[in-house]
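Below is the file upload.txt, which contains compact mmCIF, C-alpha atoms.
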# COMPACT_ATOMS: atom_id res chain seq x y z
CA MET T 186 0.00 0.00 0.00
CA ASP T 187 1.25 3.47 -0.86
CA LEU T 188 -0.25 6.95 -1.10
CA GLY T 189 -0.58 6.62 -4.90
CA GLN T 190 -2.74 3.52 -4.52
CA ILE T 191 -4.88 5.31 -1.93
CA LYS T 192 -5.34 8.26 -4.29
CA ARG T 193 -6.41 5.93 -7.13
CA LYS T 194 -8.86 4.11 -4.83
CA ILE T 195 -10.36 7.46 -3.77
CA GLU T 196 -10.68 8.59 -7.40
CA LYS T 197 -12.37 5.28 -8.33
CA GLU T 198 -14.61 5.56 -5.23
CA GLN T 199 -13.48 2.17 -3.94
CA TYR T 200 -13.64 3.15 -0.27
CA SER T 201 -16.92 2.66 1.57
CA SER T 202 -16.09 5.36 4.14
CA LEU T 203 -13.61 8.02 5.11
CA HIS T 204 -12.51 5.78 7.95
CA GLU T 205 -11.61 2.99 5.54
CA ALA T 206 -9.40 5.36 3.52
CA ALA T 207 -7.85 6.67 6.74
CA GLU T 208 -6.95 3.12 7.78
CA ASP T 209 -4.97 2.70 4.56
CA VAL T 210 -3.17 6.00 5.15
CA ARG T 211 -2.33 4.85 8.68
CA LEU T 212 -1.04 1.58 7.22
CA VAL T 213 1.36 3.52 4.97
CA TRP T 214 2.79 5.41 7.97
CA ALA T 215 2.95 2.25 10.09
CA ASN T 216 4.76 0.34 7.32
CA CYS T 217 7.22 3.16 6.86
CA LYS T 218 7.99 3.17 10.58
CA THR T 219 8.20 -0.63 10.66
CA TYR T 220 10.59 -1.01 7.74
CA ASN T 221 12.87 1.96 8.49
CA ALA T 222 15.20 2.31 11.45
CA ASP T 223 13.89 4.18 14.47
CA GLY T 224 15.23 7.72 14.24
CA SER T 225 16.01 7.54 10.49
CA ASP T 226 14.82 10.34 8.20
CA PHE T 227 12.04 8.18 6.73
CA PHE T 228 10.92 7.03 10.19
CA LEU T 229 10.76 10.63 11.45
CA LEU T 230 8.95 11.81 8.29
CA ALA T 231 6.37 9.07 8.71
CA GLU T 232 5.93 9.95 12.37
CA ASN T 233 5.43 13.64 11.59
CA HIS T 234 3.11 13.01 8.64
CA SER T 235 1.11 10.57 10.75
CA LYS T 236 0.52 13.19 13.44
CA LYS T 237 -0.38 15.86 10.88
CA PHE T 238 -2.73 13.45 9.13
CA GLU T 239 -4.51 12.57 12.40
CA GLU T 240 -4.94 16.24 13.27
CA LYS T 241 -6.33 17.15 9.83
CA PHE T 242 -8.49 14.02 9.63
CA SER T 243 -9.97 14.77 13.05
CA LYS T 244 -10.71 18.35 11.96
CA LEU T 245 -12.35 17.11 8.74
CA LEU T 246 -14.55 14.66 10.63
CA LYS T 247 -15.69 17.43 12.99
CA GLU T 248 -16.48 19.73 10.04
CA LEU T 249 -18.52 16.97 8.39
CA ASN T 250 -20.10 15.96 11.70
CA ILE T 251 -18.86 12.36 11.36
CA PRO T 252 -17.92 10.40 14.52
CA GLU T 253 -14.14 10.14 14.97
CA ASN T 254 -14.39 6.39 15.30
CA PRO T 255 -17.19 4.42 13.68
CA GLU T 256 -17.30 2.03 16.66
CA GLU T 257 -17.01 4.91 19.12
CA SER T 258 -20.75 5.17 19.57
CA THR T 259 -20.59 1.75 21.27
CA TYR T 260 -18.12 3.05 23.88
CA HIS T 261 -19.18 5.19 26.79
CA GLU T 262 -17.29 8.22 28.00
CA PRO T 263 -15.01 7.04 30.85
CA THR T 264 -16.16 8.02 34.32
CA LEU T 265 -13.97 9.93 36.73
CA ASP T 266 -13.45 6.74 38.75
CA GLU T 267 -12.34 4.86 35.62
CA LYS T 268 -9.88 7.64 34.78
CA LYS T 269 -8.49 7.57 38.33
CA LEU T 270 -8.16 3.78 38.19
CA PHE T 271 -6.33 4.06 34.85
CA ALA T 272 -3.89 6.60 36.30
CA LYS T 273 -3.33 4.44 39.39
CA ARG T 274 -2.64 1.35 37.28
CA LEU T 275 -0.07 3.21 35.18
CA TYR T 276 2.18 3.18 38.26
CA LYS T 277 1.97 -0.62 38.43
CA ILE T 278 3.23 -1.42 34.93
CA THR T 279 6.78 -1.70 33.60
CA LYS T 280 8.56 1.05 31.68
CA GLU T 281 8.27 -1.00 28.49
CA GLU T 282 4.52 -1.40 28.96
CA LEU T 283 4.17 2.31 29.69
CA GLY T 284 6.09 3.02 26.50
CA LYS T 285 3.57 0.95 24.54
CA VAL T 286 0.68 2.85 26.13
CA ILE T 287 2.29 6.16 25.15
CA ILE T 288 2.93 5.02 21.57
CA ASP T 289 -0.64 3.72 21.23
CA LEU T 290 -2.10 6.94 22.62
CA ASP T 291 0.15 9.04 20.41
CA ASP T 292 -1.13 7.11 17.38
CA MET T 293 -4.81 7.08 18.37
CA CYS T 294 -5.17 10.41 20.23
CA PRO T 295 -2.18 12.71 19.74
CA SER T 296 -3.97 15.41 21.74
CA ALA T 297 -3.80 13.17 24.83
CA ILE T 298 0.02 13.42 24.90
CA THR T 299 1.73 16.66 25.88
CA LYS T 300 5.52 16.84 25.54
CA ASN T 301 7.60 19.52 27.15
CA SER T 302 9.94 21.58 24.98
CA ALA T 303 12.98 19.49 25.87
CA GLU T 304 10.94 16.30 25.17
CA ASP T 305 12.45 14.51 28.13
CA GLN T 306 9.09 14.41 29.87
CA LEU T 307 5.53 14.00 28.76
CA GLU T 308 2.08 14.10 30.23
CA ILE T 309 -0.94 11.96 29.48
CA ASN T 310 -4.12 14.03 29.59
CA VAL T 311 -6.76 11.42 30.36
CA ASP T 312 -9.57 13.85 29.54
CA ASN T 313 -8.39 14.03 25.89
CA ILE T 314 -8.44 10.26 25.33
CA SER T 315 -11.34 9.16 23.11
CA PRO T 316 -13.67 6.51 24.58
CA ALA T 317 -12.46 3.86 22.09
CA ALA T 318 -8.78 4.60 22.75
CA PHE T 319 -9.42 4.69 26.50
CA LYS T 320 -11.04 1.26 26.35
CA LYS T 321 -8.09 -0.17 24.41
CA VAL T 322 -5.34 1.23 26.65
CA MET T 323 -7.31 0.54 29.83
CA GLU T 324 -7.64 -3.13 28.86
CA PHE T 325 -3.89 -3.30 28.17
CA VAL T 326 -2.94 -1.53 31.41
CA THR T 327 -5.35 -3.68 33.44
CA GLU T 328 -3.88 -6.84 31.94
CA CYS T 329 -0.31 -5.68 32.60
CA ALA T 330 -1.09 -4.57 36.16
CA ALA T 331 -2.75 -7.93 36.86
CA ASP T 332 0.29 -9.77 35.48
CA SER T 333 2.70 -7.79 37.64
CA SER T 334 0.61 -8.29 40.78
CA GLY T 335 0.32 -12.00 40.04
CA LYS T 336 4.08 -12.42 40.04
CA LYS T 337 4.84 -12.59 43.71
CA LYS T 338 8.41 -12.42 44.82
CA LYS T 339 9.66 -15.36 46.78
CA SER T 340 9.95 -14.47 50.39
CA VAL T 341 13.32 -15.34 51.78
CA PRO T 342 13.07 -17.11 55.11
CA PRO T 343 15.00 -15.37 57.87
CA ASN T 344 18.44 -16.73 58.44
CA ASN T 345 18.44 -17.83 62.08
CA LYS T 346 22.10 -18.89 62.12
CA ASN T 347 23.40 -15.38 62.62
CA LYS T 348 20.90 -14.40 65.28
CA LYS T 349 21.86 -14.76 68.87
CA ALA T 350 19.29 -15.86 71.34
CA LYS T 351 18.57 -13.32 74.02
CA THR T 352 18.75 -14.50 77.56
CA SER T 353 17.21 -12.73 80.45
As structure tokens:
Amino acid sequence: MDLGQIKRKIEKEQYSSLHEAAEDVRLVWANCKTYNADGSDFFLLAENHSKKFEEKFSKLLKELNIPENPEESTYHEPTLDEKKLFAKRLYKITKEELGKVIIDLDDMCPSAITKNSAEDQLEINVDNISPAAFKKVMEFVTECAADSSGKKKKSVPPNNKNKKAKTS
């Protein structure tokens, strides 16, 4: 899949929806990032074009009054308690798992990620996560948190050899 193929499919009206065309565009960016080294010019171009595409696509959908995600109507807006639980569980997952959450959110809801100017820190704004994206990352975080709590460390029995008995 490439942008030329997408253009031809649009011209021939082969897409059943805007979302279907957007999925192919996302596939182009994902393939570019998959098959080029992280940090390479092509990888960075794909990353930047992906973000710009998501911003413009979101704006277009709002202008046309089309839901951002066709399945989104089946997802409810997360409650405050669900958002708090999500934030709490983020502290229970590994750095690698947190990295996956950030990448997924950056792909699905770029507005949910705020990077500082030095880009050595970022913030996840839970209020900007769409219901569908929230459901996806919440399921992942819940699964990861459950896995980490299920792995109990072996308790080391106290070594009584070095202890001296007290006598009164």
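Of the listed residues (T:Thr279, T:Val311, T:Pro295, T:Glu267), T:Glu267 comes nearest to Glu324 in chain T; the distances count all atoms listed in the file.
Nearest-residue note for Glu308 in chain T: choosing from T:Val322, T:Ile278, T:Ala222, T:Ile287, the minimum distance belongs to T:Ile287, counting all atoms listed in the file.
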Find the residues near Phe227 in chain T: any atom within 9 Å, counting only C-alpha atoms, skip ones fewer than 5 places away on the same chain, and give them as an MDAnalysis selection string. chainID T and resid 217:218 221:222 232
Report as number ranges by chain all protein, DNA and RNA residues lying within 12 Å of range 298-301 of chain T, evaluated on only C-alpha atoms, omitting residues in the same chain fewer than 4 positions from it. T: 236, 286-294, 305-314
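For the pair CA of Ser315 in chain T and CA of Ala331 in chain T, the separation is 23.6 Å.
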